[in-house]
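As stored in protein_0.cif (mmCIF, C-alpha atoms):
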data_entry
#
loop_
_atom_site.label_atom_id
_atom_site.label_comp_id
_atom_site.auth_asym_id
_atom_site.auth_seq_id
_atom_site.Cartn_x
_atom_site.Cartn_y
_atom_site.Cartn_z
CA MET A 1 123.51 117.91 123.58
CA THR A 2 120.48 117.23 125.68
CA HIS A 3 116.93 117.87 124.75
CA ALA A 4 116.91 120.94 126.93
CA ASP A 5 119.59 122.61 124.81
CA VAL A 6 117.61 122.51 121.64
CA THR A 7 114.94 125.19 121.56
CA PRO A 8 113.36 127.07 118.66
CA SER A 9 114.27 130.75 118.54
CA ARG A 10 110.64 131.85 118.47
CA PRO A 11 107.80 129.96 120.08
CA ALA A 12 105.56 128.63 117.35
CA PRO A 13 101.78 128.71 117.72
CA ALA A 14 101.90 124.96 117.67
CA GLY A 15 103.84 125.69 120.81
CA GLU A 16 102.38 122.83 122.73
CA LEU A 17 103.87 120.50 120.19
CA LEU A 18 107.32 121.93 119.97
CA GLY A 19 107.69 123.23 123.50
CA SER A 20 108.69 120.33 125.65
CA SER A 21 110.36 117.77 123.46
CA ALA A 22 112.10 120.23 121.20
CA CYS A 23 114.52 117.75 119.77
CA ARG A 24 113.49 117.19 116.17
CA ARG A 25 114.50 113.58 116.13
CA CYS A 26 112.36 113.02 119.17
CA LEU A 27 109.34 114.51 117.50
CA LEU A 28 109.68 112.48 114.38
CA ALA A 29 110.98 109.29 115.91
CA GLY A 30 108.78 106.30 116.06
CA TRP A 31 106.85 107.18 112.96
CA GLY A 32 106.01 103.57 112.47
CA GLY A 33 104.92 103.07 116.02
CA LEU A 34 102.52 105.96 116.44
CA PRO A 35 98.80 105.45 116.35
CA PHE A 36 96.83 105.57 113.15
CA GLU A 37 95.58 109.12 112.75
CA GLU A 38 92.78 110.60 110.74
CA GLY A 39 93.80 112.54 107.67
CA VAL A 40 94.29 116.25 107.27
CA SER A 41 91.04 118.16 107.53
CA CYS A 42 91.02 119.44 103.96
CA GLY A 43 89.69 116.25 102.43
CA ALA A 44 92.77 114.08 102.17
CA MET A 45 92.46 110.39 102.80
CA ALA A 46 93.94 109.01 105.97
CA VAL A 47 97.71 109.02 105.97
CA VAL A 48 100.13 107.68 108.48
CA LEU A 49 101.96 110.68 109.87
CA PRO A 50 103.21 111.48 113.32
CA ALA A 51 100.70 113.36 115.43
CA VAL A 52 102.84 116.49 115.52
CA VAL A 53 102.92 116.78 111.75
CA GLU A 54 99.21 116.08 111.45
CA GLN A 55 98.44 118.76 113.95
CA LEU A 56 100.69 121.30 112.28
CA LEU A 57 99.10 120.65 108.91
CA SER A 58 95.56 121.00 110.21
CA GLU A 59 96.42 124.19 112.07
CA MET A 60 97.92 125.54 108.90
CA ALA A 61 94.82 124.58 106.92
CA ALA A 62 92.68 126.56 109.33
CA ALA A 63 95.02 129.56 109.26
CA VAL A 64 95.32 129.61 105.48
CA GLN A 65 91.56 129.90 105.15
CA GLU A 66 91.79 133.46 106.37
CA SER A 67 94.68 134.57 104.25
CA ALA A 68 95.96 133.09 101.03
CA GLN A 69 99.46 132.70 102.42
CA ILE A 70 100.96 130.53 105.09
CA PRO A 71 101.65 132.67 108.16
CA ASP A 72 105.30 133.02 109.13
CA GLU A 73 105.00 131.08 112.36
CA TYR A 74 103.97 127.98 110.46
CA LEU A 75 106.74 128.39 107.96
CA LEU A 76 109.11 128.41 110.88
CA SER A 77 107.61 125.23 112.30
CA LEU A 78 107.84 123.58 108.91
CA LYS A 79 111.48 124.46 108.58
CA PHE A 80 112.15 123.25 112.06
CA LEU A 81 110.54 119.90 111.39
CA PHE A 82 111.71 119.31 107.86
CA GLY A 83 114.82 121.39 107.30
CA SER A 84 115.71 122.08 103.71
CA SER A 85 112.93 119.85 102.44
CA ALA A 86 110.47 122.48 103.67
CA THR A 87 111.96 125.18 101.47
CA GLN A 88 112.14 122.89 98.48
CA ALA A 89 108.56 121.75 99.03
CA LEU A 90 107.28 125.32 99.29
CA ASP A 91 109.13 126.11 96.11
CA LEU A 92 107.41 123.22 94.34
CA VAL A 93 104.04 124.54 95.51
CA ASP A 94 104.84 128.05 94.32
CA ARG A 95 105.81 126.74 90.92
CA GLN A 96 102.52 124.86 90.59
CA SER A 97 104.40 121.62 90.22
CA ILE A 98 101.76 119.44 91.83
CA THR A 99 98.96 117.88 89.84
CA LEU A 100 96.03 115.96 91.25
CA ILE A 101 94.99 113.37 88.71
CA SER A 102 91.57 111.80 89.01
CA SER A 103 89.37 109.55 86.93
CA PRO A 104 85.60 109.04 86.77
CA SER A 105 85.96 106.19 89.29
CA GLY A 106 86.92 108.73 91.97
CA ARG A 107 90.37 107.24 92.42
CA ARG A 108 93.12 109.82 92.57
CA VAL A 109 96.86 110.10 92.47
CA TYR A 110 99.32 112.98 92.61
CA GLN A 111 102.17 113.76 90.27
CA VAL A 112 104.90 116.18 91.14
CA LEU A 113 107.23 117.74 88.62
CA GLY A 114 110.59 117.64 90.35
CA SER A 115 113.30 120.24 90.00
CA SER A 116 115.25 117.91 87.72
CA GLY A 117 112.36 117.81 85.28
CA LYS A 118 111.41 114.28 86.24
CA THR A 119 107.85 113.53 87.27
CA TYR A 120 107.24 111.55 90.42
CA THR A 121 104.07 109.85 91.53
CA CYS A 122 102.73 110.24 95.05
CA LEU A 123 99.80 108.21 96.29
CA ALA A 124 96.87 110.20 97.64
CA SER A 125 95.80 107.77 100.33
CA CYS A 126 99.05 106.90 102.03
CA HIS A 127 102.71 107.68 102.28
CA TYR A 128 104.41 106.79 99.06
CA CYS A 129 106.51 108.66 96.54
CA SER A 130 108.37 107.13 93.62
CA CYS A 131 111.43 109.35 94.06
CA PRO A 132 114.79 107.86 95.07
CA ALA A 133 114.97 110.10 98.15
CA PHE A 134 111.84 108.47 99.53
CA ALA A 135 113.26 105.01 99.03
CA PHE A 136 116.53 105.98 100.60
CA SER A 137 115.93 108.48 103.37
CA VAL A 138 112.48 107.46 104.40
CA LEU A 139 112.31 103.75 103.89
CA ARG A 140 115.84 102.58 104.18
CA LYS A 141 117.58 104.95 106.51
CA SER A 142 114.57 106.28 108.42
CA ASP A 143 116.22 109.68 108.39
CA SER A 144 113.17 111.54 107.27
CA ILE A 145 109.49 110.87 107.29
CA LEU A 146 108.66 112.77 104.13
CA CYS A 147 110.44 113.55 100.91
CA LYS A 148 109.99 117.05 99.51
CA HIS A 149 107.46 115.84 96.96
CA LEU A 150 105.17 114.34 99.59
CA LEU A 151 105.54 117.43 101.72
CA ALA A 152 104.70 119.55 98.70
CA VAL A 153 101.56 117.46 98.16
CA TYR A 154 100.41 117.98 101.74
CA LEU A 155 101.18 121.69 101.58
CA SER A 156 99.24 122.04 98.35
CA GLN A 157 96.29 120.40 100.10
CA VAL A 158 96.58 122.83 102.97
CA MET A 159 96.72 125.77 100.59
CA ARG A 160 94.10 124.25 98.33
CA THR A 161 96.18 124.96 95.30
CA CYS A 162 97.27 122.46 92.76
CA GLN A 163 96.70 121.65 89.14
CA GLN A 164 93.87 119.29 88.38
CA LEU A 165 93.81 116.77 85.62
CA SER A 166 91.04 114.40 84.63
CA VAL A 167 91.91 111.18 82.89
CA SER A 168 90.00 108.05 81.96
CA ASP A 169 89.92 105.05 84.27
CA LYS A 170 92.22 103.17 81.93
CA GLN A 171 94.69 106.01 81.83
CA LEU A 172 94.76 106.13 85.61
CA THR A 173 95.59 102.43 85.69
CA ASP A 174 98.50 103.09 83.39
CA ILE A 175 99.72 105.96 85.50
CA LEU A 176 99.67 103.79 88.60
CA LEU A 177 101.31 100.91 86.77
CA MET A 178 104.04 103.01 85.24
CA GLU A 179 105.76 103.18 88.57
CA LYS A 180 106.38 99.49 88.52
CA LYS A 181 108.33 99.76 85.33
CA GLN A 182 110.43 102.75 86.25
CA GLU A 183 114.18 102.31 86.21
CA PRO A 184 115.64 101.57 89.62
CA MET B 1 90.50 95.17 109.67
CA ALA B 2 91.78 94.86 113.19
CA GLU B 3 88.27 95.13 114.60
CA THR B 4 86.90 92.39 112.36
CA LEU B 5 89.73 90.07 113.36
CA LYS B 6 89.15 90.89 116.97
CA ARG B 7 85.54 89.86 116.61
CA VAL B 8 86.57 86.59 114.99
CA LEU B 9 89.03 85.80 117.72
CA SER B 10 86.63 86.92 120.41
CA ARG B 11 84.03 84.36 119.38
CA GLY B 12 86.06 81.76 121.19
CA GLY B 13 85.26 83.09 124.63
CA ALA B 14 81.84 84.23 125.78
CA ALA B 15 83.40 86.60 128.27
CA TRP B 16 84.90 88.62 125.45
CA SER B 17 81.98 88.94 123.09
CA ARG B 18 80.67 92.41 122.41
CA GLU B 19 77.58 93.48 120.54
CA GLU B 20 78.02 96.14 117.92
CA ASN B 21 75.29 97.52 115.70
CA THR B 22 77.41 98.68 112.80
CA PRO B 23 80.68 96.81 113.03
CA ALA B 24 83.63 98.79 111.82
CA ALA B 25 86.50 97.13 110.06
CA GLY B 26 89.25 98.91 111.95
CA PRO B 27 92.67 99.90 110.61
CA PRO B 28 94.61 97.80 108.09
CA LEU B 29 96.05 94.74 109.75
CA LEU B 30 99.13 92.65 109.13
CA LEU B 31 98.90 89.03 110.20
CA LEU B 32 102.26 87.42 110.86
CA GLY B 33 103.32 83.91 111.66
CA ALA B 34 105.44 80.95 110.66
CA PRO B 35 104.20 78.34 108.19
CA GLY B 36 101.31 76.35 109.61
CA SER B 37 100.47 78.88 112.29
CA GLY B 38 96.94 79.37 111.04
CA LYS B 39 97.17 82.62 109.11
CA THR B 40 95.14 81.37 106.16
CA THR B 41 92.53 79.91 108.50
CA LEU B 42 92.20 83.21 110.32
CA LEU B 43 92.05 85.20 107.10
CA PHE B 44 89.32 82.96 105.84
CA ALA B 45 87.44 83.26 109.11
CA ALA B 46 87.66 87.04 108.86
CA ALA B 47 86.34 86.80 105.30
CA LEU B 48 83.34 84.79 106.48
CA GLU B 49 82.75 87.22 109.32
CA ALA B 50 82.74 90.21 107.03
CA ALA B 51 80.61 88.39 104.46
CA GLY B 52 78.07 87.71 107.19
CA GLU B 53 77.87 91.38 108.08
CA GLY B 54 76.15 92.09 104.79
CA GLN B 55 78.11 95.23 104.01
CA GLY B 56 79.35 94.13 100.64
CA PRO B 57 81.37 91.41 98.94
CA VAL B 58 84.74 90.29 100.18
CA LEU B 59 87.77 90.10 97.91
CA PHE B 60 90.24 87.37 98.80
CA LEU B 61 93.54 87.38 96.94
CA THR B 62 95.91 84.48 97.07
CA ARG B 63 98.46 82.99 94.77
CA ARG B 64 96.98 79.51 94.42
CA PRO B 65 93.42 78.27 94.74
CA PHE B 66 92.72 76.42 97.95
CA GLN B 67 93.00 72.65 97.60
CA SER B 68 90.30 72.48 100.20
CA LEU B 69 88.67 75.27 102.14
CA PRO B 70 90.20 75.95 105.53
CA ARG B 71 88.32 74.24 108.32
CA GLY B 72 87.48 77.59 109.81
CA THR B 73 87.01 78.36 113.43
CA GLY B 74 84.11 76.14 114.32
CA THR B 75 81.32 78.16 112.78
CA ALA B 76 79.43 76.23 110.13
CA LEU B 77 80.45 77.07 106.61
CA ASP B 78 77.43 79.08 105.57
CA PRO B 79 77.02 78.88 101.77
CA MET B 80 75.36 82.31 101.73
CA ARG B 81 78.48 83.80 103.21
CA LEU B 82 80.76 81.81 100.96
CA GLN B 83 78.95 83.21 97.95
CA LYS B 84 79.90 86.71 98.97
CA ILE B 85 83.62 85.97 98.90
CA ARG B 86 85.28 86.65 95.55
CA PHE B 87 88.49 84.74 95.11
CA GLN B 88 91.17 85.92 92.73
CA TYR B 89 94.50 84.25 92.15
CA PRO B 90 97.16 86.62 90.79
CA PRO B 91 99.95 84.20 89.88
CA SER B 92 102.77 86.71 89.94
CA THR B 93 103.74 90.04 91.44
CA ARG B 94 103.17 91.70 88.09
CA GLU B 95 99.62 90.37 88.00
CA LEU B 96 99.02 91.55 91.53
CA PHE B 97 100.26 95.02 90.63
CA TRP B 98 97.93 95.06 87.67
CA LEU B 99 95.01 93.92 89.76
CA LEU B 100 95.55 96.64 92.34
CA CYS B 101 96.26 99.41 89.83
CA SER B 102 93.12 98.60 87.86
CA ALA B 103 90.88 98.00 90.87
CA HIS B 104 88.95 101.18 90.14
CA GLU B 105 88.03 99.83 86.69
CA ALA B 106 86.37 96.69 88.03
CA PRO B 107 82.60 96.74 87.65
CA GLY B 108 80.14 95.84 90.36
CA PRO B 109 79.94 96.82 94.02
CA ALA B 110 83.12 97.60 95.87
CA PRO B 111 84.28 95.01 98.41
CA SER B 112 83.91 95.79 102.08
CA LEU B 113 87.00 93.78 102.87
CA LEU B 114 90.20 93.13 100.98
CA LEU B 115 92.34 90.20 102.04
CA LEU B 116 95.67 89.01 100.73
CA ASP B 117 97.30 85.74 101.72
CA GLY B 118 100.98 85.08 101.22
CA LEU B 119 102.41 88.55 100.70
CA GLU B 120 105.88 87.10 101.23
CA GLU B 121 105.64 85.14 98.00
CA TYR B 122 104.90 88.27 96.01
CA LEU B 123 107.66 90.22 97.74
CA ALA B 124 110.15 87.44 97.17
CA GLU B 125 109.90 87.88 93.43
CA ASP B 126 111.30 91.37 93.61
CA PRO B 127 113.18 92.12 96.80
CA GLU B 128 113.87 95.77 95.97
CA PRO B 129 112.53 97.84 98.89
CA GLN B 130 110.95 100.53 96.75
CA LYS B 131 108.88 97.99 94.84
CA ALA B 132 107.94 96.27 98.08
CA ALA B 133 106.88 99.63 99.47
CA TYR B 134 104.88 100.42 96.36
CA LEU B 135 103.07 97.08 96.49
CA THR B 136 102.21 97.65 100.14
CA ALA B 137 101.17 101.24 99.54
CA LEU B 138 99.00 100.13 96.60
CA LEU B 139 97.20 97.66 98.84
CA LEU B 140 96.32 100.54 101.14
CA ASP B 141 95.41 102.77 98.23
CA THR B 142 93.13 100.11 96.76
CA ALA B 143 91.35 99.65 100.10
CA ALA B 144 91.04 103.43 100.37
CA HIS B 145 89.46 103.58 96.93
CA PHE B 146 86.98 100.86 97.87
CA SER B 147 86.18 102.83 101.03
CA HIS B 148 85.49 105.86 98.90
CA ARG B 149 83.13 103.91 96.66
CA LEU B 150 81.39 102.23 99.57
CA GLY B 151 81.00 105.38 101.60
CA ARG B 152 82.40 103.52 104.58
CA ASP B 153 85.65 101.82 105.48
CA CYS B 154 86.84 98.87 103.47
CA GLY B 155 88.98 96.70 105.71
CA LEU B 156 92.38 95.41 104.69
CA MET B 157 94.09 92.34 106.07
CA VAL B 158 97.30 90.89 104.76
CA ALA B 159 99.04 87.71 105.87
CA LEU B 160 102.80 87.50 105.80
CA GLN B 161 104.76 84.37 106.51
CA THR B 162 107.72 84.88 108.79
CA GLN B 163 110.60 82.51 109.32
CA GLU B 164 112.29 81.38 112.49
CA GLU B 165 115.59 82.57 111.06
CA ALA B 166 114.95 85.92 109.44
CA ASP B 167 117.57 87.17 107.04
CA SER B 168 118.34 90.84 106.48
CA GLY B 169 115.99 91.06 103.51
CA ASP B 170 113.12 89.77 105.60
CA ILE B 171 113.87 92.19 108.39
CA LEU B 172 113.86 95.13 106.01
CA HIS B 173 110.55 94.06 104.56
CA LEU B 174 109.07 93.56 107.97
CA SER B 175 110.01 97.00 109.26
CA LEU B 176 108.72 98.52 106.06
CA LEU B 177 105.41 96.69 106.32
CA ARG B 178 104.94 97.60 109.94
CA ARG B 179 105.16 101.26 108.96
CA TYR B 180 102.21 100.89 106.64
CA PHE B 181 100.09 98.66 108.81
CA PRO B 182 99.06 100.26 112.06
CA ALA B 183 97.63 97.06 113.46
CA GLN B 184 99.37 93.72 113.66
CA CYS B 185 98.52 90.27 114.86
CA TRP B 186 101.32 87.88 115.62
CA LEU B 187 100.87 84.12 115.75
CA GLN B 188 103.69 82.58 117.73
CA PRO B 189 104.21 79.13 119.15
CA ASP B 190 103.50 79.44 122.84
CA ALA B 191 101.43 77.86 125.54
CA PRO B 192 99.97 79.11 128.77
CA GLY B 193 101.26 76.28 130.85
CA PRO B 194 103.76 73.44 130.94
CA GLY B 195 102.81 70.39 128.89
CA GLU B 196 100.49 72.43 126.69
CA HIS B 197 101.13 73.61 123.18
CA GLY B 198 99.58 75.83 120.60
CA LEU B 199 99.97 79.39 119.49
CA ARG B 200 99.64 82.75 121.08
CA ALA B 201 97.72 85.20 118.92
CA CYS B 202 98.70 88.65 119.95
CA LEU B 203 96.65 91.49 118.47
CA GLU B 204 98.06 94.99 118.56
CA PRO B 205 95.27 97.26 117.33
CA GLY B 206 97.64 100.11 116.60
CA GLY B 207 96.82 102.60 119.27
CA LEU B 208 93.08 102.03 119.26
CA GLY B 209 93.17 99.93 122.35
CA PRO B 210 95.23 97.62 124.47
CA ARG B 211 96.94 94.54 123.17
CA THR B 212 94.77 91.45 123.48
CA GLU B 213 95.87 87.85 123.31
CA TRP B 214 94.30 84.54 122.56
CA TRP B 215 95.38 80.94 122.79
CA VAL B 216 95.01 79.08 119.53
CA THR B 217 95.18 75.33 119.10
CA PHE B 218 94.23 72.97 116.34
CA ARG B 219 92.14 69.85 116.73
CA SER B 220 93.21 66.71 114.98
CA ASP B 221 90.72 67.38 112.19
CA GLY B 222 92.33 70.76 111.54
CA GLU B 223 89.67 72.86 113.20
CA MET B 224 90.95 75.92 114.97
CA MET B 225 90.09 76.44 118.63
CA ILE B 226 90.42 79.85 120.14
CA ALA B 227 90.27 80.93 123.75
CA PRO B 228 91.34 84.09 125.53
CA TRP B 229 94.91 83.85 126.69
CA PRO B 230 94.73 83.18 130.40
CA THR B 231 96.09 86.02 132.48
CA GLN B 232 98.24 85.57 135.56
CA THR B 233 95.25 85.45 137.87
CA GLY B 234 93.14 83.27 135.56
CA ASP B 235 93.05 79.52 135.68
CA PRO B 236 93.88 78.18 132.21
CA SER B 237 92.07 74.90 132.66
CA SER B 238 88.75 75.99 134.05
CA GLY B 239 86.30 76.07 131.19
CA LYS B 240 87.68 79.06 129.32
CA GLY B 241 89.16 76.86 126.69
CA SER B 242 85.92 76.14 124.91
CA SER B 243 85.76 75.68 121.19
CA SER B 244 84.04 78.36 119.20
CA ALA B 245 81.51 75.99 117.69
CA GLY B 246 77.98 77.25 118.02
CA GLN B 247 79.05 80.47 119.66
CA LEU B 248 77.60 82.67 116.93
#
Please express the file's structure as structure tokens.
Amino acid sequence: MTHADVTPSRPAPAGELLGSSACRRCLLAGWGGLPFEEGVSCGAMAVVLPAVVEQLLSEMAAAVQESAQIPDEYLLSLKFLFGSSATQALDLVDRQSITLISSPSGRRVYQVLGSSGKTYTCLASCHYCSCPAFAFSVLRKSDSILCKHLLAVYLSQVMRTCQQLSVSDKQLTDILLMEKKQEP
Amino acid sequence: MAETLKRVLSRGGAAWSREENTPAAGPPLLLLGAPGSGKTTLLFAAALEAAGEGQGPVLFLTRRPFQSLPRGTGTALDPMRLQKIRFQYPPSTRELFWLLCSAHEAPGPAPSLLLLDGLEEYLAEDPEPQKAAYLTALLLDTAAHFSHRLGRDCGLMVALQTQEEADSGDILHLSLLRRYFPAQCWLQPDAPGPGEHGLRACLEPGGLGPRTEWWVTFRSDGEMMIAPWPTQTGDPSSGKGSSSAGQL
């Protein structure tokens, strides 16, 4: 299969991105080697994501401002880029499973209630999730660039919808530390 | 942090110096090299540079206190600058985790630069990739929090010792770290010409600009001398190899 054989069935509005190098692996390859990009426009701290994902997320953020839902074309792009993780991530957003935890210091962290009932911690400022899929697919095998929890976090930022929780500075330390003691 | 390091390295050659009104720290930088390649010296020089910029204190993390301060890169050891550097010595990975996780609780002004020397020692304690990733990610998260408190970027620079013979664990760590650090500076034994020795410092600013290289040597008293790496057309021996003393 050459790159030319792989084309999306409908052109996405982020057509520039997906048009020429339509092979998904191509788009996502070299995550580590791509330039440092500014964060998504809706107030997230800088994250290290491939340019194509960054652009898709910021286009979505702009589009969602007009309507409360993500337009179909973007859903298609998401599914193209992330496969089944996209559906699972959207499901997590729908179920209000993402909580943004902050303390008076201004430091923040995300927690996502996974489908298994386990809670995972995702950092707000860079790419990290405590789930086993992140450790395996993203870090070890380099198969994916995002686990569904991280994708859910970014989508909830785009849609400006997630639970908010305020804790004390000390409690936030404990939340961040807890990850160190989690079972492997 | 890449920009601050670039300024430090650029002091060595007048041709490379640039004036900037509000120096930016640049993206997080990973400094790599074998034992004795000058990573600690460079880190310390970057600390002094940032301390001199007057943007805030500098936080320097390392496992053991220095027996003696690194000789630096020729600039006089200004006590005013030294005062602005806060040293902390987390003796174990657990302590380092605690330090980073509780960084938002620490009173006082946020640092403008966060430096860590000897990441490999902390990673060696717990080779599991997820923990290594979390430690790395926490370093970035801590710097991001300081940036938030400062209202401007807090730089991050981390030194990692590499070995000539890397085993599979090292390679895994290295590829993981390079994902989190957009900018890298490698210190490798190399010389521009036959009969010469020293190190080649190769700074990859992570997409913000071209790769730049410097030639690093050490005087017998331990002082670090830096010069731009001579290009093909340049003449390595004609006055470019000046020490950085007095070039402030």
inquiry  = Given only C-alpha atoms as the basis, pick out the residue of B:Ala50, B:Ala137, B:Glu125, B:Cys101 nearest to Met178 (chain A).
reply    = B:Cys101
ask   = Counting all atoms listed in the file, what is within 12 Å of His148 (chain B), bar same-chain residues fewer than 5 positions away, as a ChimeraX atom specification?
value = /A:43-46,105-108,125 /B:104,109-112,141-143,153-155
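Once the PyMOL selection byres ((chain B) within 8 of (chain A)) is applied to this file, the selection holds Pro27, Phe97, Trp98, Cys101, Ser102, His104, Glu105, Pro129, Gln130, Lys131, Ala133, Tyr134, Ala137, Leu140, Asp141, Ala144, His145, His148, Arg149, Leu172, Leu176, Arg178, Arg179, Tyr180, Pro182, Gly206, Gly207 and Leu208 of chain B.
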message = Evaluate the PyMOL selection byres ((chain A and resi 91) around 12) against this structure - the residues, as a list in words, please.
response = Ser84, Ser85, Ala86, Thr87, Gln88, Ala89, Leu90, Leu92, Val93, Asp94, Arg95, Gln96, Ser97, Ile98, Val112, Leu113, Gly114, Ser115, Lys148, His149, Leu151, Ala152, Val153, Leu155 and Ser156 of chain A
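In this model, the gap between CA of Gly26 (chain B) and CA of Thr4 (chain B) comes to 6.9 Å.
Here the question is which of B:Ala51, B:Ala103, B:Leu77, B:Ala227 gets nearest to Leu9 (chain B) using all atoms listed in the file, and that residue is B:Ala227.
If you look at CA of Asp126 (chain B) and CA of Gly38 (chain B), they are 25.6 Å away from each other.
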Name the residues, using the chain letters and numbers of the file, that sit within 8 Å of (103.1, 81.4, 123.6) when counting only C-alpha atoms, and give them as a PDB file with C-alpha atoms, in the coordinates of the input.
ATOM      1  CA  GLN B 188     103.690  82.580 117.730  1.00  0.00           C
ATOM      2  CA  PRO B 189     104.210  79.130 119.150  1.00  0.00           C
ATOM      3  CA  ASP B 190     103.500  79.440 122.840  1.00  0.00           C
ATOM      4  CA  ALA B 191     101.430  77.860 125.540  1.00  0.00           C
ATOM      5  CA  PRO B 192      99.970  79.110 128.770  1.00  0.00           C
ATOM      6  CA  GLY B 198      99.580  75.830 120.600  1.00  0.00           C
ATOM      7  CA  LEU B 199      99.970  79.390 119.490  1.00  0.00           C
ATOM      8  CA  ARG B 200      99.640  82.750 121.080  1.00  0.00           C
ATOM      9  CA  TRP B 215      95.380  80.940 122.790  1.00  0.00           C
TER      10      TRP B 215
END
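The two atoms in question, CA of Arg152 (chain B) and CA of Pro57 (chain B), are spaced 13.4 Å apart.
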message = What's around Gln88 (chain B) at 12 Å? Count all atoms listed in the file, leave out sequence neighbours fewer than 6 positions away in its own chain, and write the answer as number ranges by chain.
response = B: 58-66, 95-96, 99-100, 114-117
Top pick for closest residue to Gln111 (chain A), considering A:Val52, A:Cys147, A:Leu165, A:Asp72 and counting only C-alpha atoms = A:Leu165
